[in-house]
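**Q** Once you've had a glance at the structure underneath, I'll fire off some questions.
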Amino acid sequence: MNTIEHGTGRTLLMIHGLGGSWRSWSTVLGPLSAARKVIAIDLPGHGATPAESDSGTFDGLVGSVERYIASAGLSGVDVVGSSMGARIVLELARRGLVGNVVALDPGGFWRGWERTFFKTTIGASGRLLRAIRPKLPALSRNAASRTALLAQLSARPWALDGELVATELDGLTRTPTFDALVQSLATGPEQTGPGAPGTGRMVIGWGRHDRLCLSRQAVRAQAAFPGAELHWFEGSGHFPMWDMPEETVAVILNATG
């Protein structure tokens, strides 16, 4: 599994979302690594990590991360996840494999029409981005087109760094398991809890303007993990580390310190 490591001190393992890579955390890696040893991974089928036979399913990815934690001697490590990665860290907490947990806008708590909404909108986005891949660098540098492309995922897409956006969108188009994972996430069972005994502090963070994992789902996430604190990012969409990086760093360090 491809990883990057920065900083020294107590280890913090960071797990990106669907179609992302370790670069998804670029807005917060600097300040986090000033206080902690940060390990950010590329999930199988993402970034520089090859897909495994079951990497097109949520359970397959969880198994891959579980094996990585065991092989790297990281049992009980503090973890931070975003989107699909946030659901992965919640599942790792349910299995009793991790310490303190920060889950930012986790998937897996949609019901009824919300499942169709997730599958339809994110699936269509994936198809569109693959179709326009050669134009993504130029579109990402332009505030108007960047806003159109990321309206569902960011509360302030015009303010995001164009290079970050270009990297993220290009990475999504090159994720071979993207469509299979959308299907797995949309049709699979709802995420269950609670965190296992011995799990540390748990914080579920949610962007108040999340238009992918709708804010109503935050209540379900907290009900599944009743020991978790719910933190609202008032000015954020689906990715608090993009829209509100300073507050995201503060939440992570406070929860895992």
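Just remember, in the structure tokens the first chain shown is A, the second B, etc., residues are 1-based per chain, and ligands are 1-based in the order shown.
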Taking the chain letters and numbering used in this document, name the residues of region 77-206 of chain A that DSSP puts in helix (DSSP H, G or I), as number ranges by chain.
**A** A: 84-94, 113-131, 133-141, 143-149, 157-159, 162-173, 178-187
**Q** Report as a Markdown table the residues of region 212-236 of chain A within 12 Å of region 247-255 of chain A, each with its shortest atom pair and distance in Å (one decimal), using only C-alpha atoms, ordered by chain and increasing residue number.
**A**
```
| residue | atom | partner | partner_atom | distance |
| --- | --- | --- | --- | --- |
| A:Ala228 | CA | A:Ala255 | CA | 10.6 |
| A:Glu229 | CA | A:Ala255 | CA | 9.6 |
| A:Leu230 | CA | A:Val251 | CA | 10.9 |
| A:His231 | CA | A:Val251 | CA | 8.3 |
| A:Trp232 | CA | A:Val251 | CA | 10.4 |
| A:Phe233 | CA | A:Glu247 | CA | 8.0 |
| A:Glu234 | CA | A:Glu247 | CA | 10.3 |
| A:Gly235 | CA | A:Glu247 | CA | 10.2 |
| A:Ser236 | CA | A:Thr248 | CA | 10.2 |
```
**Q** So that I can see what lies close to region 126-129 of chain A, please list as a PyMOL selection string the residues with an atom at most 12 Å from it, counting only C-alpha atoms and leaving out residues fewer than 4 positions away in the same chain.
**A** chain A and resi 18-19+118-122+133-137+139-140+148-150+166+168-182
**Q** Now that the selection is made, can you save its residues with N, CA and C atoms as an mmCIF file, in the first residue's frame?
**A**
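Heads up, here's the output in selection.cif:
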```cif
data_model
loop_
_atom_site.group_PDB
_atom_site.id
_atom_site.type_symbol
_atom_site.label_atom_id
_atom_site.label_comp_id
_atom_site.auth_asym_id
_atom_site.auth_seq_id
_atom_site.Cartn_x
_atom_site.Cartn_y
_atom_site.Cartn_z
ATOM 1 N N LEU A 18 -13.549 8.193 -1.605
ATOM 2 C CA LEU A 18 -13.724 7.567 -2.909
ATOM 3 C C LEU A 18 -13.107 8.418 -4.013
ATOM 4 N N GLY A 19 -12.211 7.800 -4.800
ATOM 5 C CA GLY A 19 -11.579 8.498 -5.901
ATOM 6 C C GLY A 19 -10.426 9.398 -5.508
ATOM 7 N N PHE A 118 -27.446 9.424 -3.961
ATOM 8 C CA PHE A 118 -25.990 9.254 -3.912
ATOM 9 C C PHE A 118 -25.484 8.553 -5.169
ATOM 10 N N LYS A 119 -26.090 7.427 -5.492
ATOM 11 C CA LYS A 119 -25.628 6.633 -6.635
ATOM 12 C C LYS A 119 -25.746 7.416 -7.937
ATOM 13 N N THR A 120 -26.859 8.098 -8.117
ATOM 14 C CA THR A 120 -27.105 8.812 -9.373
ATOM 15 C C THR A 120 -26.178 10.009 -9.525
ATOM 16 N N THR A 121 -26.058 10.813 -8.481
ATOM 17 C CA THR A 121 -25.287 12.052 -8.611
ATOM 18 C C THR A 121 -23.789 11.789 -8.682
ATOM 19 N N ILE A 122 -23.278 10.947 -7.812
ATOM 20 C CA ILE A 122 -21.832 10.718 -7.831
ATOM 21 C C ILE A 122 -21.440 9.872 -9.041
ATOM 22 N N ARG A 133 -11.719 14.526 -19.160
ATOM 23 C CA ARG A 133 -10.424 14.445 -18.480
ATOM 24 C C ARG A 133 -9.354 15.361 -19.086
ATOM 25 N N PRO A 134 -9.178 15.411 -20.410
ATOM 26 C CA PRO A 134 -8.110 16.279 -20.944
ATOM 27 C C PRO A 134 -8.298 17.753 -20.611
ATOM 28 N N LYS A 135 -9.518 18.175 -20.366
ATOM 29 C CA LYS A 135 -9.795 19.582 -20.096
ATOM 30 C C LYS A 135 -9.755 19.934 -18.606
ATOM 31 N N LEU A 136 -9.587 18.945 -17.748
ATOM 32 C CA LEU A 136 -9.695 19.191 -16.306
ATOM 33 C C LEU A 136 -8.672 20.197 -15.775
ATOM 34 N N PRO A 137 -7.412 20.167 -16.207
ATOM 35 C CA PRO A 137 -6.485 21.172 -15.668
ATOM 36 C C PRO A 137 -6.950 22.600 -15.917
ATOM 37 N N LEU A 139 -10.062 23.638 -16.685
ATOM 38 C CA LEU A 139 -11.329 23.884 -16.002
ATOM 39 C C LEU A 139 -11.128 24.097 -14.507
ATOM 40 N N SER A 140 -10.170 23.398 -13.927
ATOM 41 C CA SER A 140 -9.926 23.507 -12.491
ATOM 42 C C SER A 140 -9.304 24.852 -12.130
ATOM 43 N N ALA A 148 -18.765 25.024 -10.883
ATOM 44 C CA ALA A 148 -19.751 24.128 -11.485
ATOM 45 C C ALA A 148 -19.403 22.662 -11.230
ATOM 46 N N LEU A 149 -18.126 22.335 -11.312
ATOM 47 C CA LEU A 149 -17.705 20.938 -11.145
ATOM 48 C C LEU A 149 -17.827 20.460 -9.699
ATOM 49 N N LEU A 150 -17.632 21.373 -8.748
ATOM 50 C CA LEU A 150 -17.575 20.962 -7.334
ATOM 51 C C LEU A 150 -18.734 21.490 -6.502
ATOM 52 N N ALA A 166 -7.606 20.088 -9.591
ATOM 53 C CA ALA A 166 -7.191 19.335 -10.771
ATOM 54 C C ALA A 166 -6.652 17.962 -10.390
ATOM 55 N N GLU A 168 -7.308 16.222 -7.645
ATOM 56 C CA GLU A 168 -8.382 15.378 -7.122
ATOM 57 C C GLU A 168 -9.267 14.832 -8.245
ATOM 58 N N LEU A 169 -9.662 15.699 -9.152
ATOM 59 C CA LEU A 169 -10.573 15.263 -10.212
ATOM 60 C C LEU A 169 -9.894 14.303 -11.179
ATOM 61 N N ASP A 170 -8.628 14.564 -11.496
ATOM 62 C CA ASP A 170 -7.904 13.637 -12.353
ATOM 63 C C ASP A 170 -7.752 12.283 -11.678
ATOM 64 N N GLY A 171 -7.460 12.295 -10.372
ATOM 65 C CA GLY A 171 -7.332 11.031 -9.638
ATOM 66 C C GLY A 171 -8.615 10.228 -9.649
ATOM 67 N N LEU A 172 -9.725 10.921 -9.510
ATOM 68 C CA LEU A 172 -11.017 10.231 -9.554
ATOM 69 C C LEU A 172 -11.211 9.526 -10.893
ATOM 70 N N THR A 173 -10.861 10.203 -11.984
ATOM 71 C CA THR A 173 -11.072 9.599 -13.307
ATOM 72 C C THR A 173 -10.171 8.390 -13.532
ATOM 73 N N ARG A 174 -9.100 8.281 -12.757
ATOM 74 C CA ARG A 174 -8.140 7.183 -12.933
ATOM 75 C C ARG A 174 -8.308 6.088 -11.884
ATOM 76 N N THR A 175 -9.391 6.131 -11.129
ATOM 77 C CA THR A 175 -9.668 5.100 -10.125
ATOM 78 C C THR A 175 -10.460 3.979 -10.778
ATOM 79 N N PRO A 176 -9.854 2.822 -11.025
ATOM 80 C CA PRO A 176 -10.533 1.776 -11.799
ATOM 81 C C PRO A 176 -11.723 1.155 -11.081
ATOM 82 N N THR A 177 -11.749 1.281 -9.768
ATOM 83 C CA THR A 177 -12.823 0.665 -8.982
ATOM 84 C C THR A 177 -13.948 1.641 -8.663
ATOM 85 N N PHE A 178 -13.907 2.839 -9.232
ATOM 86 C CA PHE A 178 -14.860 3.887 -8.842
ATOM 87 C C PHE A 178 -16.304 3.438 -9.003
ATOM 88 N N ASP A 179 -16.684 2.966 -10.181
ATOM 89 C CA ASP A 179 -18.082 2.595 -10.425
ATOM 90 C C ASP A 179 -18.515 1.435 -9.547
ATOM 91 N N ALA A 180 -17.622 0.455 -9.378
ATOM 92 C CA ALA A 180 -17.958 -0.696 -8.533
ATOM 93 C C ALA A 180 -18.163 -0.263 -7.088
ATOM 94 N N LEU A 181 -17.353 0.683 -6.618
ATOM 95 C CA LEU A 181 -17.501 1.148 -5.242
ATOM 96 C C LEU A 181 -18.771 1.967 -5.058
ATOM 97 N N VAL A 182 -19.122 2.768 -6.046
ATOM 98 C CA VAL A 182 -20.398 3.491 -5.969
ATOM 99 C C VAL A 182 -21.542 2.490 -5.799
#
```
**Q** Rounded to one decimal in Å, what is the spacing between CA of Ala40 (chain A) and CA of His6 (chain A)?
**A** 8.8 Å
**Q** Which residues, written as a ChimeraX atom specification, have at least one atom at most 7 Å from Gly193 (chain A), with only C-alpha atoms counted and residues fewer than 2 positions away on the same chain left out?
**A** /A:94,191,195,224-225
